[in-house]
Amino acid sequence: MITGTPKPIEEILEMLEPYDNIIVAGCFGCVTVCRVGGDKEVQVLSSTLRLAREAAGRKIEIKEVCLERQCDPEYLEPMRPYIEDYQAVLSIACGAGIQFMAEKFTKSPLLPGINTGFLGVTERQGEWTERCQGCGDCVLHLTGGICPVTRCAKSIFHGPCGGSVQGTCEVDKEVKCGWQLIIDRLVTLDQMDNYGKLKPYKGWDSSRDGGPRRIIREDMV
Amino acid sequence: MKAGSNLERVLEAGHFAVTAECGPPRGADGDKVLKKAELVKGNVDACNVTDNQTSVVRMSSVAGCMLVKQTGTEPLLQMVVRDRNRIALQSDLLGAAALGVRNLLCLSGDHQKFGDDPQAKNVFDIDSIQLIHLVKTMRDEGVFPSGDKLEGAPKFYIGCAINPFADPFEIRVPRFKLKIEAGADFVQTQCIYNMDKFKRFMEEAKKEGLHERTKILAGVTPLKSAGMAKFMNRMVAGIEIPEEFIKRIADEPKEKQAAKGIEMCIEQIQEIKEMEGIAGVHVMAIEWEEKLNEIVGGAGLLPRPMVEQ
């Protein structure tokens, strides 16, 4: 899923400084699962903002909504009849959702209420870790199902580097060395032959470096 | 000869080679490099010039190489893939070759987290092993990796670094082998203190015949004090200084610890010299270049051989 973290309330209040009536918009997609942008978070954030603004002597009117998904046009459309009744939208969906809403409703200022994180997994309640950078050219079949691009701090293809210490990465003792994980897994799978091969330079053109990407599925268009 | 550098000639002639390193300054004062290079002169076959080591910004290694070269010592260009994509790597390699640099060390580079710009974006477009391959392609085939023909191939004696002490230990030899397969002509190791572990590593490497496919220069760093030893042990990933090694220095009174460090470094070089499969020594006297002559001379490695082109 796409993960995220709430922006500090002070930062949000600063963004809201010019406005007195806004929409706080959540999303039932990924951000609900990682508990940063669902309907519960919409309620809590809205209450916090109301209280803070009241304490500051400047009330704010907030409409609370939570959309099925902010990254699909059909779920954004229901907002069209009323969105311009409000001065701005504070969205706590991921960056994709926020931007898509901004594109669809060009007259409404869109404010981000969360910092979008990464494509990750739930390790346990309250802990998420990154797994994929969406580089567009998956090699997991060669690396024991562990991604060198994402799990190695240097994204190298022939690791580990000299900074691997007892299974941890020198960058952070809480982070496992991706290449140690890959090697352990290759040993388990009896696939160490894969390690001994020189890998071609990665084509980053399928990644972000090739510019904003798009997928067109002719069978579906 | 692949590149015809002095270092290559010395090694190919079968001499026990000596290299050292100069860290460029944190500023534009070229005299700092010249002064260090004067201390290195005559004691080495080539001198590494580091490339923003530990991600701390310094004068560029290509510029440092030119300053070292001016003083009459052959430079060895260190190049990391942390800061340059393949376009910049190729371009800098061509530039360095045009300026007469003939030795190259291909490195990953320490993560930027450890330097003064931890918020910098890192590159790692290709990794250090792929850089070896890239340089070899340019040198031996006279083409860019893209396939286009070069107007003059860069002639580098290609090196890489290995750390026999990093984890996991069992992958160190296979990874070393990958570097040789990519095209490394020589290798400089991370500084060695744990000689037993290094010998075990060498035994494994020799089983694969790696010492016959590349020239191995063992890295040593003289310790200035017991404090430095403890600091390195704690702070530098992949450095292992055995307790008994530290104790020998710690047992000395403070003012004599530096001399003991030098003495132990010389002992180590002498031991390394006798090891089968070791072609030379890389003396990293960090900010202590004035002691190089004493160390290299003390190890019986002076004067340095002159090998005709």
# chains A, B, ... in the order shown; residues from 1 in each chain; ligands from 1
>>> interface_residues(of="chain A", to="chain B", cutoff="6 Å", atoms="only C-alpha atoms", output="list in words")
Ile156, Gly162, Gly163, Ser164, Val165, Gln166 and Tyr201 of chain A
>>> residues_around(residues="region 204-219 of chain A", least_positions_apart="2", cutoff="8 Å", atoms="only C-alpha atoms", output="ChimeraX atom specification")
/A:134-137,202,221 /B:125
>>> atom_distance(atom1="CA of Lys224 (chain B)", atom2="CA of Arg248 (chain B)")
12.4 Å
>>> select_by_dssp(residues="region 75-175 of chain B", states="strand (DSSP E)", output="PyMOL selection string")
chain B and resi 75-80+103-107+157-162
>>> write_last_selection(atoms="N, CA and C atoms", output="compact mmCIF listing (two decimals), in the first residue's frame")
# COMPACT_ATOMS: atom_id res chain seq x y z
N PRO B 75 49.63 9.85 -9.81
CA PRO B 75 48.37 9.81 -9.06
C PRO B 75 47.52 8.58 -9.37
N LEU B 76 46.67 8.25 -8.44
CA LEU B 76 45.71 7.16 -8.60
C LEU B 76 44.35 7.76 -8.23
N LEU B 77 43.53 7.88 -9.24
CA LEU B 77 42.25 8.58 -9.07
C LEU B 77 41.20 7.68 -8.42
N GLN B 78 40.68 8.13 -7.29
CA GLN B 78 39.54 7.41 -6.70
C GLN B 78 38.27 8.03 -7.25
N MET B 79 37.34 7.17 -7.64
CA MET B 79 36.08 7.70 -8.17
C MET B 79 34.91 6.91 -7.59
N VAL B 80 33.98 7.64 -6.99
CA VAL B 80 32.81 6.99 -6.40
C VAL B 80 31.59 7.16 -7.29
N ASN B 103 45.83 5.62 -13.37
CA ASN B 103 45.35 4.63 -12.40
C ASN B 103 44.00 5.08 -11.87
N LEU B 104 43.14 4.11 -11.66
CA LEU B 104 41.79 4.44 -11.21
C LEU B 104 41.33 3.42 -10.17
N LEU B 105 40.66 3.91 -9.15
CA LEU B 105 40.06 3.02 -8.16
C LEU B 105 38.56 3.24 -8.17
N CYS B 106 37.82 2.18 -8.47
CA CYS B 106 36.36 2.29 -8.62
C CYS B 106 35.68 1.96 -7.28
N LEU B 107 34.92 2.90 -6.76
CA LEU B 107 34.33 2.74 -5.43
C LEU B 107 32.85 3.07 -5.43
N TYR B 157 44.72 1.85 -15.47
CA TYR B 157 45.00 0.62 -14.74
C TYR B 157 43.87 0.57 -13.69
N ILE B 158 43.03 -0.45 -13.81
CA ILE B 158 41.76 -0.41 -13.09
C ILE B 158 41.82 -1.14 -11.75
N GLY B 159 41.47 -0.40 -10.73
CA GLY B 159 41.48 -1.00 -9.39
C GLY B 159 40.12 -0.99 -8.73
N CYS B 160 40.04 -1.77 -7.68
CA CYS B 160 38.84 -1.77 -6.87
C CYS B 160 39.26 -1.94 -5.42
N ALA B 161 38.32 -1.72 -4.54
CA ALA B 161 38.60 -1.92 -3.12
C ALA B 161 37.88 -3.17 -2.66
N ILE B 162 38.46 -3.84 -1.69
CA ILE B 162 37.71 -4.92 -1.04
C ILE B 162 37.87 -4.76 0.47
>>> closest_residue(among="B:Lys155, B:Arg304, B:Arg234, B:Lys260", to="Lys2 (chain B)", atoms="only C-alpha atoms")
B:Lys155
>>> atom_distance(atom1="CA of Ala96 (chain B)", atom2="CA of Val40 (chain B)")
20.8 Å
>>> select_by_dssp(residues="region 21-97 of chain A", states="helix (DSSP H, G or I)", output="PyMOL selection string")
chain A and resi 30-33+39-55+73-83+95-97
>>> residues_around(residues="Glu41 (chain A)", least_positions_apart="3", cutoff="10 Å", atoms="only C-alpha atoms", output="list in words")
Pro6, Val24, Ala25, Gly26, Cys27, Val31, Thr32, Arg35, Val36, Gly37, Gly38, Val44, Leu45, Ser46, Ser47, Cys66 and Ile92 of chain A
>>> residues_around(residues="region 176-190 of chain A", least_positions_apart="5", cutoff="7 Å", atoms="only C-alpha atoms", output="list of chain:residue names")
A:Thr143, A:Gly144, A:Ile146, A:Pro148, A:Arg151, A:Cys152, A:Gly159, A:Pro160, A:Ser164, A:Gly167, A:Thr168, A:Cys169, B:Pro168
>>> atom_distance(atom1="CA of Asn194 (chain B)", atom2="CA of Val44 (chain B)")
24.2 Å
>>> residues_around(residues="region 49-65 of chain A", least_positions_apart="6", cutoff="9 Å", atoms="only C-alpha atoms", output="PyMOL selection string")
chain A and resi 9+12-13+19-27+39+42-43+86
>>> residues_around(residues="Glu141 (chain B)", least_positions_apart="3", cutoff="12 Å", atoms="only C-alpha atoms", output="list in words")
Lys2, His133, Leu134, Val135, Lys136, Thr137, Met138, Phe144, Pro145, Ser146, Gly147, Asp148, Lys149, Leu150, Glu151, Gly152, Ala153, Pro154 and Lys155 of chain B
>>> write_last_selection(atoms="C-alpha atoms", output="short mmCIF file (atom, residue, chain, number, x, y, z; two decimals), in the first residue's frame")
data_model
loop_
_atom_site.label_atom_id
_atom_site.label_comp_id
_atom_site.auth_asym_id
_atom_site.auth_seq_id
_atom_site.Cartn_x
_atom_site.Cartn_y
_atom_site.Cartn_z
CA LYS B 2 46.98 -2.27 -20.16
CA HIS B 133 33.08 -2.93 -16.33
CA LEU B 134 32.36 0.48 -17.83
CA VAL B 135 36.01 1.59 -17.66
CA LYS B 136 37.26 -1.70 -19.01
CA THR B 137 34.85 -1.46 -21.93
CA MET B 138 36.08 2.03 -22.75
CA PHE B 144 31.35 3.99 -24.90
CA PRO B 145 29.04 1.59 -23.09
CA SER B 146 26.40 2.86 -25.51
CA GLY B 147 28.47 1.33 -28.32
CA ASP B 148 29.67 4.55 -29.95
CA LYS B 149 33.32 4.75 -30.82
CA LEU B 150 35.59 6.83 -28.59
CA GLU B 151 37.93 9.46 -29.98
CA GLY B 152 40.76 8.09 -27.91
CA ALA B 153 40.26 5.36 -25.32
CA PRO B 154 41.08 6.22 -21.68
CA LYS B 155 44.00 4.07 -20.57
#
